[in-house]
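Engineer: Before we start, here is the structure in question, set down as structure tokens.
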Amino acid sequence: MIEWSVSFTWRIIFRIAVNAGALWLATKWIQGFALIPLPWLAENIFGLPPLWPTLLLGGLALAILNAFLRPILKFLGALLPLITFALLAVILNGLIIYLADIYLTNLAISGLRAQVLVAILIGMVNAIF
């Protein structure tokens, strides 16, 4: 039986919120990056704007992808010592954003420039928090 601690649960919630905030910042600052509100949540349920459920779902997807894929990709990336850590972090974030773009139909990234800028922004936010 797995025992969940309160601090672990709050860390997960915090990661989801931080990633949702980074997605929101990306929608405001990076041209070519857009989140489309979920059509089945078009009505105002909790008094929040319709984009908030999309942000939370995107934050959850990024948190899950970061938790499971990042260690594997870092291990594989560590096999290539010529790549600097900063460049590797941007590449990993870009791959995670690309996978999130594939699986989340309400996430739209148009162009490589927007994807790289989103990867840098989310990497900086994740490094701070």
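Letters for chains follow the order of the structure tokens (A, B, ...), residue numbers begin at 1 for each chain, and ligand numbers begin at 1 in the order shown.
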Name the residues of chain A that come out as alpha helix (DSSP H) in a backbone DSSP run; write them as a PyMOL selection string.
Structural biologist: chain A and resi 6-29+51-78+85-103+112-128
Engineer: Could you list, with a cut-off of 12 Å and counting only C-alpha atoms, the residues of range 70-106 of chain A near range 15-32 of chain A, each shown with its nearest atom pair and the distance in Å rounded to one decimal, rows sorted by chain and ascending number, as CSV?
Structural biologist:
```
residue,atom,partner,partner_atom,distance
A:Asn93,CA,A:Asn19,CA,11.7
A:Ile96,CA,A:Asn19,CA,11.9
A:Ile97,CA,A:Leu23,CA,10.1
A:Ala100,CA,A:Leu23,CA,11.3
A:Asp101,CA,A:Leu23,CA,11.8
```
Engineer: Of the candidates A:Tyr98, A:Ile12, A:Trp52, A:Ile91, which shows the shortest atom-to-atom distance to Ser110 in chain A, using only C-alpha atoms?
Structural biologist: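 Using only C-alpha atoms, the shortest distance to Ser110 in chain A belongs to A:Tyr98.
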Engineer: Nearest to Leu51 in chain A: which of A:Phe33, A:Asn106, A:Leu65, A:Thr9 is it, counting only C-alpha atoms?
Structural biologist: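 The closest residue to Leu51 in chain A is A:Asn106.
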Engineer: For Leu73 in chain A, work out the shell of residues within 10 Å, counting only C-alpha atoms and skipping chain neighbours fewer than 5 positions away, then give it as a PDB file with N, CA, C and O atoms, in the first residue's frame.
Structural biologist:
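Printed below is result-v5.pdb as written:
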```pdb
ATOM      1  N   ASN A  66       6.132  15.907 -17.030  1.00  0.00           N
ATOM      2  CA  ASN A  66       7.395  16.249 -16.371  1.00  0.00           C
ATOM      3  C   ASN A  66       7.784  15.200 -15.332  1.00  0.00           C
ATOM      4  O   ASN A  66       8.960  14.892 -15.162  1.00  0.00           O
ATOM      5  N   PHE A  68       7.019  11.935 -15.237  1.00  0.00           N
ATOM      6  CA  PHE A  68       7.359  10.605 -15.735  1.00  0.00           C
ATOM      7  C   PHE A  68       8.374  10.614 -16.874  1.00  0.00           C
ATOM      8  O   PHE A  68       9.238   9.749 -16.924  1.00  0.00           O
ATOM      9  N   ALA A  78      21.823  12.550 -20.750  1.00  0.00           N
ATOM     10  CA  ALA A  78      23.105  12.534 -20.047  1.00  0.00           C
ATOM     11  C   ALA A  78      24.134  11.687 -20.790  1.00  0.00           C
ATOM     12  O   ALA A  78      25.334  11.823 -20.562  1.00  0.00           O
ATOM     13  N   LEU A  88      19.912  21.282 -23.151  1.00  0.00           N
ATOM     14  CA  LEU A  88      19.168  20.051 -22.921  1.00  0.00           C
ATOM     15  C   LEU A  88      17.828  20.347 -22.255  1.00  0.00           C
ATOM     16  O   LEU A  88      16.806  19.757 -22.621  1.00  0.00           O
ATOM     17  N   ALA A  89      17.814  21.259 -21.301  1.00  0.00           N
ATOM     18  CA  ALA A  89      16.562  21.614 -20.630  1.00  0.00           C
ATOM     19  C   ALA A  89      15.569  22.220 -21.618  1.00  0.00           C
ATOM     20  O   ALA A  89      14.372  21.909 -21.580  1.00  0.00           O
ATOM     21  N   ILE A  91      15.480  21.653 -24.853  1.00  0.00           N
ATOM     22  CA  ILE A  91      15.054  20.566 -25.737  1.00  0.00           C
ATOM     23  C   ILE A  91      14.032  19.674 -25.037  1.00  0.00           C
ATOM     24  O   ILE A  91      13.009  19.296 -25.624  1.00  0.00           O
ATOM     25  N   LEU A  92      14.285  19.347 -23.769  1.00  0.00           N
ATOM     26  CA  LEU A  92      13.333  18.512 -23.024  1.00  0.00           C
ATOM     27  C   LEU A  92      11.995  19.218 -22.860  1.00  0.00           C
ATOM     28  O   LEU A  92      10.938  18.611 -23.047  1.00  0.00           O
ATOM     29  N   LEU A  95      10.194  19.152 -26.143  1.00  0.00           N
ATOM     30  CA  LEU A  95       9.595  17.846 -26.406  1.00  0.00           C
ATOM     31  C   LEU A  95       8.333  17.644 -25.575  1.00  0.00           C
ATOM     32  O   LEU A  95       7.321  17.140 -26.082  1.00  0.00           O
ATOM     33  N   ILE A  96       8.374  18.057 -24.327  1.00  0.00           N
ATOM     34  CA  ILE A  96       7.197  17.913 -23.472  1.00  0.00           C
ATOM     35  C   ILE A  96       6.059  18.800 -23.967  1.00  0.00           C
ATOM     36  O   ILE A  96       4.904  18.377 -24.009  1.00  0.00           O
TER      37      ILE A  96
END
```
Engineer: Just to confirm, what's the straight-line distance from CA of Pro37 in chain A to CA of Pro53 in chain A in Å (one decimal)?
Structural biologist: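 Value for the CA of Pro37 in chain A-CA of Pro53 in chain A distance: 7.6 Å.
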Engineer: Would you give me, as a VMD selection string, the residues in range 3-126 of chain A that DSSP reads as strand (DSSP E)?
Structural biologist: chain A and resid 33 to 35 107 to 109
Engineer: Now that the selection is made, can you save its residues with N, CA, C and O atoms as a short mmCIF file (atom, residue, chain, number, x, y, z; two decimals), in the first residue's frame?
Structural biologist:
```
data_model
loop_
_atom_site.label_atom_id
_atom_site.label_comp_id
_atom_site.auth_asym_id
_atom_site.auth_seq_id
_atom_site.Cartn_x
_atom_site.Cartn_y
_atom_site.Cartn_z
N PHE A 33 1.07 31.13 -29.71
CA PHE A 33 0.69 30.12 -28.72
C PHE A 33 -0.70 30.47 -28.22
O PHE A 33 -0.96 31.60 -27.82
N ALA A 34 -1.60 29.51 -28.26
CA ALA A 34 -2.98 29.78 -27.84
C ALA A 34 -3.56 28.56 -27.16
O ALA A 34 -3.24 27.42 -27.50
N LEU A 35 -4.39 28.80 -26.19
CA LEU A 35 -5.18 27.75 -25.55
C LEU A 35 -6.63 27.99 -25.93
O LEU A 35 -7.13 29.11 -25.84
N LEU A 107 -4.81 22.87 -27.12
CA LEU A 107 -3.54 23.58 -27.08
C LEU A 107 -3.06 23.75 -28.52
O LEU A 107 -2.98 22.77 -29.26
N ALA A 108 -2.83 24.98 -28.90
CA ALA A 108 -2.42 25.23 -30.29
C ALA A 108 -1.12 26.02 -30.31
O ALA A 108 -1.06 27.13 -29.79
N ILE A 109 -0.10 25.41 -30.89
CA ILE A 109 1.19 26.08 -31.05
C ILE A 109 1.46 26.17 -32.54
O ILE A 109 1.49 25.16 -33.23
#
```
Engineer: Find, counting only C-alpha atoms, the residue in A:Ile128, A:Ala86, A:Leu38, A:Leu69 that gets nearest to Leu55 in chain A.
Structural biologist: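 For Leu55 in chain A, the nearest of the candidates is A:Leu38.
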Engineer: So how far away is CA of Leu87 in chain A from CA of Gly58 in chain A, in Å?
Structural biologist: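 Result for CA of Gly58 in chain A versus CA of Leu87 in chain A: 23.6 Å, one decimal.
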Engineer: What gap, in Å, lies between CA of Phe14 in chain A and CA of Met124 in chain A?
Structural biologist: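 CA of Phe14 in chain A sits 15.8 Å away from CA of Met124 in chain A.
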Engineer: Check the smallest atom-to-atom distance from each of A:Ala63, A:Ile72, A:Val90, A:Ile36 to Ile120 in chain A using only C-alpha atoms, then report the winner.
Structural biologist: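 Looking only at the distances to Ile120 in chain A, the closest residue turns out to be A:Val90.
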Engineer: Find the residue from A:Leu76, A:Leu99, A:Leu112, A:Ile122 that sits nearest to Ala61 in chain A; use only C-alpha atoms when measuring.
Structural biologist: A:Leu99
Engineer: So which one's closest to Val116 in chain A, A:Tyr103, A:Pro49, A:Gly94, A:Pro71? Using only C-alpha atoms, please.
Structural biologist: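 Smallest distance to Val116 in chain A is found for A:Gly94.
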